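Data block below; observations after.
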Amino acid sequence: MKILEIDWQAFLQVLEYYRRLPYGARRFLVEKVSPSQAAPNAAMDQWREPLLESGIMIAGPQGKNAQVDRRFQSFVRVIRAMGRNRIFRVPTRESFHVFVSEHFEGPEITAFSGVGHQYYYYRDYAAVQGLFSRVCAAAWVKGFLEAEDPHWETPYQAAGSSPYFSSAAVLHAAQALIQKLVPGAVPVPLAQLPGMCPELRLDVLGAAMRAGFRYLLFYPCLLGEGLEPGLGLWPAAARKLSTEIPRPPEPVTVSHPFHSPFLVDDMTAVLSACAVAPHRLRVNDEAIFEADQRNLEAGVGTLPEWIEKAFHFNPANRIAIALDFLRHHQFLEQKGRRERAMHMEITELGTDWLRLGGKERLKAVLDGLRSQLKDRSSPVGYQSVSLVPNAGRMSLGRHVEQVASALRRVFKGIEAGVFVRLRDFLAYHRDRDNPFATIHRDEPYGSVVVAGRSVSQPSSDELDEAWEEQLADFLQLRLVPLGGAKAGADGDGAICFALTDAGKYLLDAADDFQLGQESQGRIVLQPNCDVVFLAPSAKAESEIARFSERLGRHVGTLFKVTKPSILAAAASGLKAQQVLNTLREYCGADLPANVEREIVGWFGQFRRVTMVPAMLIHCPDAETATRVISAAGGRVTRLTDTTLEWHEQKPQPALLKKLREMGIFLRER
């Protein structure tokens with residue numbers, strides 16, 4: 001070690017001088033005073049006298065400046081280093097790298113990180129990252145607490161260095177110090193350590209601190225605005241050690257549970273809109289034009305506000321996910337070339353899917369996800385839409401099947417219809433049956449995505465965090481949007497969820513499922529074709545939106561059945577009887593006779609025509625047209641006396657030669 005290689009017993013004794021200083025004088029000492037250089041009186045201003053009175057600084061020979069007393073230079077150097085330590089403000093790999101680079105020599109990092117006997121320069125990023133993976137985890141501290149003798153440090157000693165745990169007393173003192181730090185999981189002031197550990201002599205406590213810093217068991221820092229010197233464990237490790245062993249999540253009662261396969265409804269809305277008018281795509285990034293995007297977002301059904309907030313289901317995200325699924329299932333395909341207008345066009349598969357009922361549409365999507373693990377010819381990791389959301393979380397795609405199997409095992413263990421708190425569920429399963437830990441043992445140089453960034457050589461805590469994120473993503477991006485889970489909140493507002501029959505079906509734990517039914521009679525169809533919602537109904541919204549114009553959201557007059565909306569519904573494949581049955585189902589009463597007549601009449605006006613490019617042959621007179629027909633035969637059709645339609649893409653050379661022999665020469669225009 002460099003700066004921290006001091007007599008910590010002496011540091012604790014000098015600490016009282018520092019603590020007598022006003023907060024402003026402490027800040028000046030930490031930020032402005034160099035341990036080996038004099039500070040002019042003008043720079044010290046109002047803090048000169050308090051610093052001189054503390055004894056830490058002494059006046060210069062002529063009284064024009066002041067400097068740190070030589071006896072306390074190492075103390076000030078350490079205090080300033082504590083002020084630079086950002087680990088407890090921003091506990092990241094970067095702040096750890098800065099700390100280690102400042103305090104450790106290259107041979108210490110080499111021996112400590114377990115990378116072998118090759119010498120690493122002390123700023124080598126890879127070596128420090130390997131060290132992070134080893135020590136910034138609860139397992140590192142637990143392993144030390146289980147040590148029985150000072151030989152624990154032998155594998156991590158630099159060649160030729162003296163042991164830091166020089167006796168069993170120093171080892172046990174460091175262990176006792178950690179045990180005192182664990183319960184609060186936050187740094188404590190150094191001045192409190194003698195009182196927290198009264199059984200330890202001050203010299204043994206100082207030696208234990210020095211050894212703990214050397215092996216990164218705890219870290220020094222300055223606390224709060226008062227810049228109080230403190231000591232703490234790595235934050236993530238401290239939190240994990242301070243909590244009790246998580247128990248299996250217990251059943252809870254929720255109010256107003258939410259359940260809707262709204263992803264399928266969103267896919268239906270997007271596909272229905274595309275059936276009427278294909279979505280235009282920008283040439284530069286192949287994204288949907290903003291105007292079309294706004295129209296799509298306005299057409300999706302509403303969700304409870306707390307659901308949108310808790311699971312980040314805003315309309316833009318919902319449209320993006322729906323488009324991913326539609327492209328994956330080949331319900332939409334891109335048409336046009338980059339130099340021309342590009343658009344997304346509904347396919348025959350998409351048209352067939354739209355004609356299905358609600359359960360059949362959902363089942364087709366669930367079957368597509370279920371089949372990925374059974375079809376070995378198409379690895380899960382290479383699917384554009386996988387059973388495992390964010391399938392690239394591990395650097396090696398071939399491991400996604402292993403992650404998918406682990407997800408299924410965990411969620412299969414939940415009893416259908418029983419609500420549990422999401423936080424309890426994640427806390428219990430984050431370090432159990434973690435596939436990322438197994439994958440990392442097989443591929444130690446692979447990477448994993450944690451909090452949106454790729455991490456190489458992840459620590460055990462980072463692997464647990466990645467697994468926790470994967471569990472949450474599976475609930476948020478698969479189960480809830482596809483109706484595989486109900487969501488709710490308990491009395492304290494904590495998010496809860498329960499598995500449904502559709503969720504069991506997706507997990508291959510059931511052969512079939514029943515689509516949840518909502519209560520009827522909460523919707524009124526008025527004679528002026530307005531559709532009034534007396535209570536929110538996500539399922540009814542998604543169905544009625546297919547053939548109505550949206551006027552509002554949540555409750556009140558949400559839709560109006562119009563001629564353009566009915567014609568658009570007919571273009572998407574709906575029939576008049578389907579629309580009437582849907583309205584009867586949700587309105588729970590007879591429909592106004594005039595509305596029923598209008599709907600049937602509007603559907604009756606729908607026609608579909610086909611427009612294809614054609615090649616026309618214009619002849620100067622009827623006699624020439626007859627001669628062309630005699631030569632071309634069934635490949636042409638007479639449209640008028642002098643105009644013929646050519647059925648093939650282009651006349652063949654043999655035919656052109658035959659026409660020339662007849663005195664007829666073809667000119668293209």
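Within each chain, counting starts at residue 1; across the structure tokens, chains are named A, B, ... in the order shown, with ligands numbered 1 upward in that order.
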Could you give me, as a count of residues only, each residue of segment 436-650 of chain A that DSSP assigns to alpha helix (DSSP H) when run on this structure's backbone?
-> 79
Can you build me a table of segment 204-279 of chain A residues sitting at most 9 Å from segment 485-500 of chain A, with the closest atom pair per residue and its distance in Å to one decimal, using only C-alpha atoms, sorted by chain and residue number, as a Markdown table?
```
| residue | atom | partner | partner_atom | distance |
| --- | --- | --- | --- | --- |
| A:Val252 | CA | A:Asp490 | CA | 7.0 |
| A:Thr253 | CA | A:Asp490 | CA | 6.1 |
| A:Val254 | CA | A:Asp490 | CA | 4.6 |
| A:Ser255 | CA | A:Ala489 | CA | 6.4 |
| A:His256 | CA | A:Gly488 | CA | 6.5 |
| A:Pro257 | CA | A:Gly488 | CA | 4.5 |
| A:Phe258 | CA | A:Ala487 | CA | 5.1 |
| A:His259 | CA | A:Lys486 | CA | 4.7 |
| A:Ser260 | CA | A:Lys486 | CA | 7.8 |
```
How close does each residue of segment 89-193 of chain A get to segment 451-460 of chain A, giving the shortest atom pair and distance in Å to one decimal for every residue with an atom at most 9 Å away, counting only C-alpha atoms, sorted by chain and residue number, as a tab-separated table?
```
residue	atom	partner	partner_atom	distance
A:Gln129	CA	A:Gln457	CA	7.0
A:Gly130	CA	A:Gln457	CA	6.2
A:Phe132	CA	A:Ser459	CA	7.1
A:Ser133	CA	A:Ser459	CA	3.9
A:Arg134	CA	A:Ser459	CA	6.3
A:Val135	CA	A:Ser459	CA	8.1
A:Cys136	CA	A:Ser459	CA	6.9
A:Ala137	CA	A:Ser460	CA	6.2
A:Ala138	CA	A:Ser460	CA	8.1
A:Ala139	CA	A:Ser460	CA	7.5
```
Written file, previous selection with N, CA and C atoms, as a JSON list (two decimals), in the first residue's frame:
```json
[["chain", "number", "residue", "atom", "x", "y", "z"],
["A", 129, "GLN", "N", -10.13, -4.85, -12.63],
["A", 129, "GLN", "CA", -11.47, -5.39, -12.78],
["A", 129, "GLN", "C", -11.56, -6.80, -12.22],
["A", 130, "GLY", "N", -10.50, -7.58, -12.41],
["A", 130, "GLY", "CA", -10.47, -8.90, -11.80],
["A", 130, "GLY", "C", -10.47, -8.82, -10.29],
["A", 132, "PHE", "N", -11.84, -6.35, -8.58],
["A", 132, "PHE", "CA", -13.21, -5.95, -8.21],
["A", 132, "PHE", "C", -14.11, -7.18, -8.10],
["A", 133, "SER", "N", -14.05, -8.06, -9.08],
["A", 133, "SER", "CA", -14.91, -9.24, -9.07],
["A", 133, "SER", "C", -14.66, -10.11, -7.85],
["A", 134, "ARG", "N", -13.43, -10.08, -7.35],
["A", 134, "ARG", "CA", -13.10, -10.91, -6.20],
["A", 134, "ARG", "C", -13.56, -10.29, -4.89],
["A", 135, "VAL", "N", -13.27, -9.00, -4.68],
["A", 135, "VAL", "CA", -13.43, -8.43, -3.34],
["A", 135, "VAL", "C", -14.72, -7.64, -3.14],
["A", 136, "CYS", "N", -15.35, -7.15, -4.22],
["A", 136, "CYS", "CA", -16.56, -6.33, -4.05],
["A", 136, "CYS", "C", -17.80, -7.22, -4.05],
["A", 137, "ALA", "N", -17.80, -8.17, -3.17],
["A", 137, "ALA", "CA", -18.91, -9.11, -3.06],
["A", 137, "ALA", "C", -18.99, -9.59, -1.62],
["A", 138, "ALA", "N", -20.18, -9.93, -1.21],
["A", 138, "ALA", "CA", -20.37, -10.41, 0.16],
["A", 138, "ALA", "C", -19.57, -11.68, 0.42],
["A", 139, "ALA", "N", -19.34, -12.49, -0.62],
["A", 139, "ALA", "CA", -18.61, -13.75, -0.44],
["A", 139, "ALA", "C", -17.19, -13.50, 0.04]]
```
Could you go through segment 154-346 of chain A and tell me which residues DSSP, when run on the backbone, assigns to strand (DSSP E), listing them as a CSV table (one decimal) with N, CA and C atoms, in the first residue's frame?
```
chain,number,residue,atom,x,y,z
A,188,VAL,N,-19.3,4.0,9.6
A,188,VAL,CA,-19.4,4.6,10.9
A,188,VAL,C,-18.1,5.5,11.1
A,189,PRO,N,-18.2,6.6,12.0
A,189,PRO,CA,-17.1,7.4,12.3
A,189,PRO,C,-16.0,6.6,12.9
A,219,TYR,N,-13.3,0.2,3.8
A,219,TYR,CA,-12.7,1.3,3.1
A,219,TYR,C,-12.9,2.6,3.9
A,220,PRO,N,-11.9,3.5,3.9
A,220,PRO,CA,-12.0,4.7,4.6
A,220,PRO,C,-12.7,5.8,3.8
A,221,CYS,N,-13.3,6.8,4.5
A,221,CYS,CA,-14.0,7.8,3.7
A,221,CYS,C,-14.2,9.0,4.7
A,222,LEU,N,-14.8,10.1,4.1
A,222,LEU,CA,-15.2,11.2,4.9
A,222,LEU,C,-16.7,11.3,4.8
A,223,LEU,N,-17.4,11.4,6.0
A,223,LEU,CA,-18.8,11.3,6.0
A,223,LEU,C,-19.5,12.7,6.1
A,228,GLU,N,-16.4,14.0,8.4
A,228,GLU,CA,-16.0,13.1,9.6
A,228,GLU,C,-15.3,11.8,9.0
A,229,PRO,N,-14.1,11.5,9.4
A,229,PRO,CA,-13.4,10.3,8.9
A,229,PRO,C,-14.2,9.1,9.3
A,230,GLY,N,-14.5,8.2,8.4
A,230,GLY,CA,-15.3,7.0,8.7
A,230,GLY,C,-14.7,5.7,8.1
A,231,LEU,N,-15.4,4.7,8.3
A,231,LEU,CA,-15.0,3.3,7.9
A,231,LEU,C,-16.2,2.5,7.5
A,232,GLY,N,-16.2,1.8,6.4
A,232,GLY,CA,-17.4,1.0,6.0
A,232,GLY,C,-17.0,-0.1,5.0
A,255,SER,N,-55.9,-5.3,-3.8
A,255,SER,CA,-57.1,-4.6,-4.2
A,255,SER,C,-57.0,-4.3,-5.7
A,256,HIS,N,-58.1,-4.4,-6.4
A,256,HIS,CA,-58.2,-4.0,-7.8
A,256,HIS,C,-57.1,-4.6,-8.7
A,257,PRO,N,-57.1,-5.9,-8.7
A,257,PRO,CA,-56.0,-6.6,-9.6
A,257,PRO,C,-56.2,-6.3,-11.1
A,258,PHE,N,-55.1,-6.2,-11.8
A,258,PHE,CA,-55.2,-5.9,-13.2
A,258,PHE,C,-54.8,-7.2,-14.0
A,279,HIS,N,-48.0,1.3,-42.9
A,279,HIS,CA,-47.2,2.3,-42.1
A,279,HIS,C,-46.0,2.7,-43.0
A,280,ARG,N,-45.8,4.0,-43.1
A,280,ARG,CA,-44.7,4.5,-43.9
A,280,ARG,C,-43.4,4.4,-43.0
A,281,LEU,N,-42.3,4.1,-43.7
A,281,LEU,CA,-41.0,4.0,-43.0
A,281,LEU,C,-40.0,5.1,-43.5
A,332,LEU,N,-46.2,-8.8,-40.3
A,332,LEU,CA,-45.9,-7.6,-41.1
A,332,LEU,C,-44.6,-7.8,-41.8
A,333,GLU,N,-44.4,-7.2,-43.0
A,333,GLU,CA,-43.2,-7.3,-43.7
A,333,GLU,C,-42.9,-6.0,-44.3
A,334,GLN,N,-41.6,-5.7,-44.5
A,334,GLN,CA,-41.2,-4.4,-45.1
A,334,GLN,C,-41.2,-4.5,-46.6
A,335,LYS,N,-41.7,-3.5,-47.2
A,335,LYS,CA,-41.8,-3.5,-48.7
A,335,LYS,C,-41.1,-2.2,-49.2
A,342,MET,N,-40.6,3.3,-48.5
A,342,MET,CA,-40.7,2.0,-47.8
A,342,MET,C,-41.9,2.1,-46.9
A,343,HIS,N,-42.5,0.9,-46.6
A,343,HIS,CA,-43.6,0.8,-45.7
A,343,HIS,C,-43.7,-0.6,-45.2
A,344,MET,N,-44.5,-0.8,-44.1
A,344,MET,CA,-44.8,-2.0,-43.5
A,344,MET,C,-46.2,-2.5,-44.0
A,345,GLU,N,-46.2,-3.7,-44.5
A,345,GLU,CA,-47.4,-4.2,-45.1
A,345,GLU,C,-47.9,-5.5,-44.4
A,346,ILE,N,-49.2,-5.6,-44.2
A,346,ILE,CA,-49.7,-6.8,-43.6
A,346,ILE,C,-49.6,-8.0,-44.6
```
Using only C-alpha atoms, which residues sit within 12 Å of Ile544 of chain A once same-chain residues fewer than 6 positions away are excluded, as a count of residues only?
-> 34
Excluding segment 403-406 of chain A and its own-chain neighbours fewer than 4 positions away, which residues fall within 7 Å of it when counting only C-alpha atoms? Please give them as a short mmCIF file (atom, residue, chain, number, x, y, z; two decimals) with N, CA, C and O atoms, in the first residue's frame.
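What ended up in result.cif:
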```cif
data_model
loop_
_atom_site.label_atom_id
_atom_site.label_comp_id
_atom_site.auth_asym_id
_atom_site.auth_seq_id
_atom_site.Cartn_x
_atom_site.Cartn_y
_atom_site.Cartn_z
N LEU A 387 -38.40 -16.25 -25.81
CA LEU A 387 -39.07 -16.50 -24.53
C LEU A 387 -38.34 -15.76 -23.42
O LEU A 387 -38.95 -15.30 -22.44
N VAL A 388 -37.04 -15.59 -23.57
CA VAL A 388 -36.22 -14.85 -22.61
C VAL A 388 -36.09 -13.41 -23.09
O VAL A 388 -35.42 -13.15 -24.09
N HIS A 399 -26.15 -19.87 -24.34
CA HIS A 399 -26.57 -20.13 -22.96
C HIS A 399 -27.99 -19.67 -22.68
O HIS A 399 -28.47 -19.86 -21.56
N VAL A 410 -38.36 -21.52 -11.93
CA VAL A 410 -38.70 -20.60 -10.85
C VAL A 410 -40.18 -20.25 -10.88
O VAL A 410 -40.89 -20.35 -9.86
N PRO A 435 -28.71 -19.17 -12.97
CA PRO A 435 -28.01 -19.76 -14.11
C PRO A 435 -26.78 -18.96 -14.52
O PRO A 435 -25.83 -19.51 -15.07
#
```
Set out as CSV a contact list for segment 16-119 of chain A and segment 154-162 of chain A with a cut-off of 6 Å, giving each residue of segment 16-119 of chain A that qualifies its closest atom pair and distance in Å to one decimal, counting only C-alpha atoms, ordered by chain and rising residue number.
```
residue,atom,partner,partner_atom,distance
A:Pro107,CA,A:Ala158,CA,5.8
A:Glu108,CA,A:Ala158,CA,5.1
A:Ala111,CA,A:Tyr156,CA,5.2
A:Phe112,CA,A:Tyr156,CA,4.4
```
Just-selected residues, N, CA, C and O atoms written as a short mmCIF file (atom, residue, chain, number, x, y, z; two decimals), in the first residue's frame:
```cif
data_model
loop_
_atom_site.label_atom_id
_atom_site.label_comp_id
_atom_site.auth_asym_id
_atom_site.auth_seq_id
_atom_site.Cartn_x
_atom_site.Cartn_y
_atom_site.Cartn_z
N PRO A 107 2.58 -5.10 -7.83
CA PRO A 107 2.73 -6.47 -7.32
C PRO A 107 1.63 -6.86 -6.34
O PRO A 107 1.23 -8.03 -6.28
N GLU A 108 1.13 -5.90 -5.57
CA GLU A 108 0.03 -6.22 -4.64
C GLU A 108 -1.23 -6.61 -5.41
O GLU A 108 -1.92 -7.57 -5.05
N ALA A 111 -0.76 -10.20 -7.01
CA ALA A 111 -0.94 -11.32 -6.07
C ALA A 111 -2.37 -11.37 -5.54
O ALA A 111 -2.94 -12.44 -5.35
N PHE A 112 -2.94 -10.21 -5.32
CA PHE A 112 -4.25 -10.09 -4.69
C PHE A 112 -5.38 -10.52 -5.62
O PHE A 112 -6.34 -11.16 -5.21
#
```
Among the residues A:Glu244, A:Glu598, A:Asp590, A:Glu31, the one that comes closest to Lys563 of chain A [using only C-alpha atoms] =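 Of A:Glu244, A:Glu598, A:Asp590, A:Glu31, the one nearest Lys563 of chain A is A:Glu598, counting only C-alpha atoms.
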Suppose you want the space between atom CA of Glu199 of chain A and atom CA of Phe72 of chain A; what is it in Å?
->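 The value is 27.7 Å.
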Looking at only C-alpha atoms, which of A:Lys180, A:Gly503, A:Val636, A:His312 is the one that sits closest to Gln192 of chain A?
->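 That would be A:Lys180, the residue with the smallest distance to Gln192 of chain A.
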Point-to-point distance from atom CA of Ala510 of chain A to atom CA of Ala310 of chain A, Å rounded to tenths | 28.4 Å
Tell me, as a list in words, which residues lie within 8 Å of Phe331 of chain A, counting only C-alpha atoms; anything in the same chain fewer than 2 positions away does not count.
->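 Neighbouring residues, sequence-local ones excluded: Leu271, Leu326, Arg327, His328, His329, Glu333, Ile346, Thr347, Glu348, Leu349, Gly350, Thr351 and Trp353 of chain A.
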With a distance cut-off of 10 Å and only C-alpha atoms, select the neighbouring residues of Ala168 of chain A, excluding the residue or stretch itself and same-chain residues fewer than 4 positions from it, and output the selection as a PyMOL selection string.
-> chain A and resi 148-151+172-174
Closest to Glu16 of chain A among A:Phe262, A:Phe75, A:Phe99, A:Phe28, using only C-alpha atoms?
->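 Closest candidate: A:Phe75.
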At what distance in Å, to one decimal, does atom CA of Trp467 of chain A lie from atom CA of Arg430 of chain A?
-> 5.9 Å
Best match for closeness to Leu216 of chain A among A:Trp140, A:Arg522, A:Lys650, A:Ala614, counting only C-alpha atoms =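 Among A:Trp140, A:Arg522, A:Lys650, A:Ala614, it is A:Trp140 that comes nearest to Leu216 of chain A.
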Which of these residues is nearest to Arg370 of chain A, using only C-alpha atoms: A:Ser386, A:Thr637, A:Ser95, A:Asn85?
->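 So, comparing all the options, the nearest one is A:Ser386.
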Write out as JSON, numbers by chain which residues come within 9 Å of segment 37-45 of chain A when counting only C-alpha atoms, dropping same-chain ones fewer than 4 positions away.
-> {"A": [25, 28, 32, 33, 49, 60, 63, 64, 65, 66, 67, 68]}
Using only C-alpha atoms, find the one residue out of A:Arg70, A:Pro249, A:Pro481, A:Asn528 that sits nearest to Val418 of chain A.
-> A:Pro249
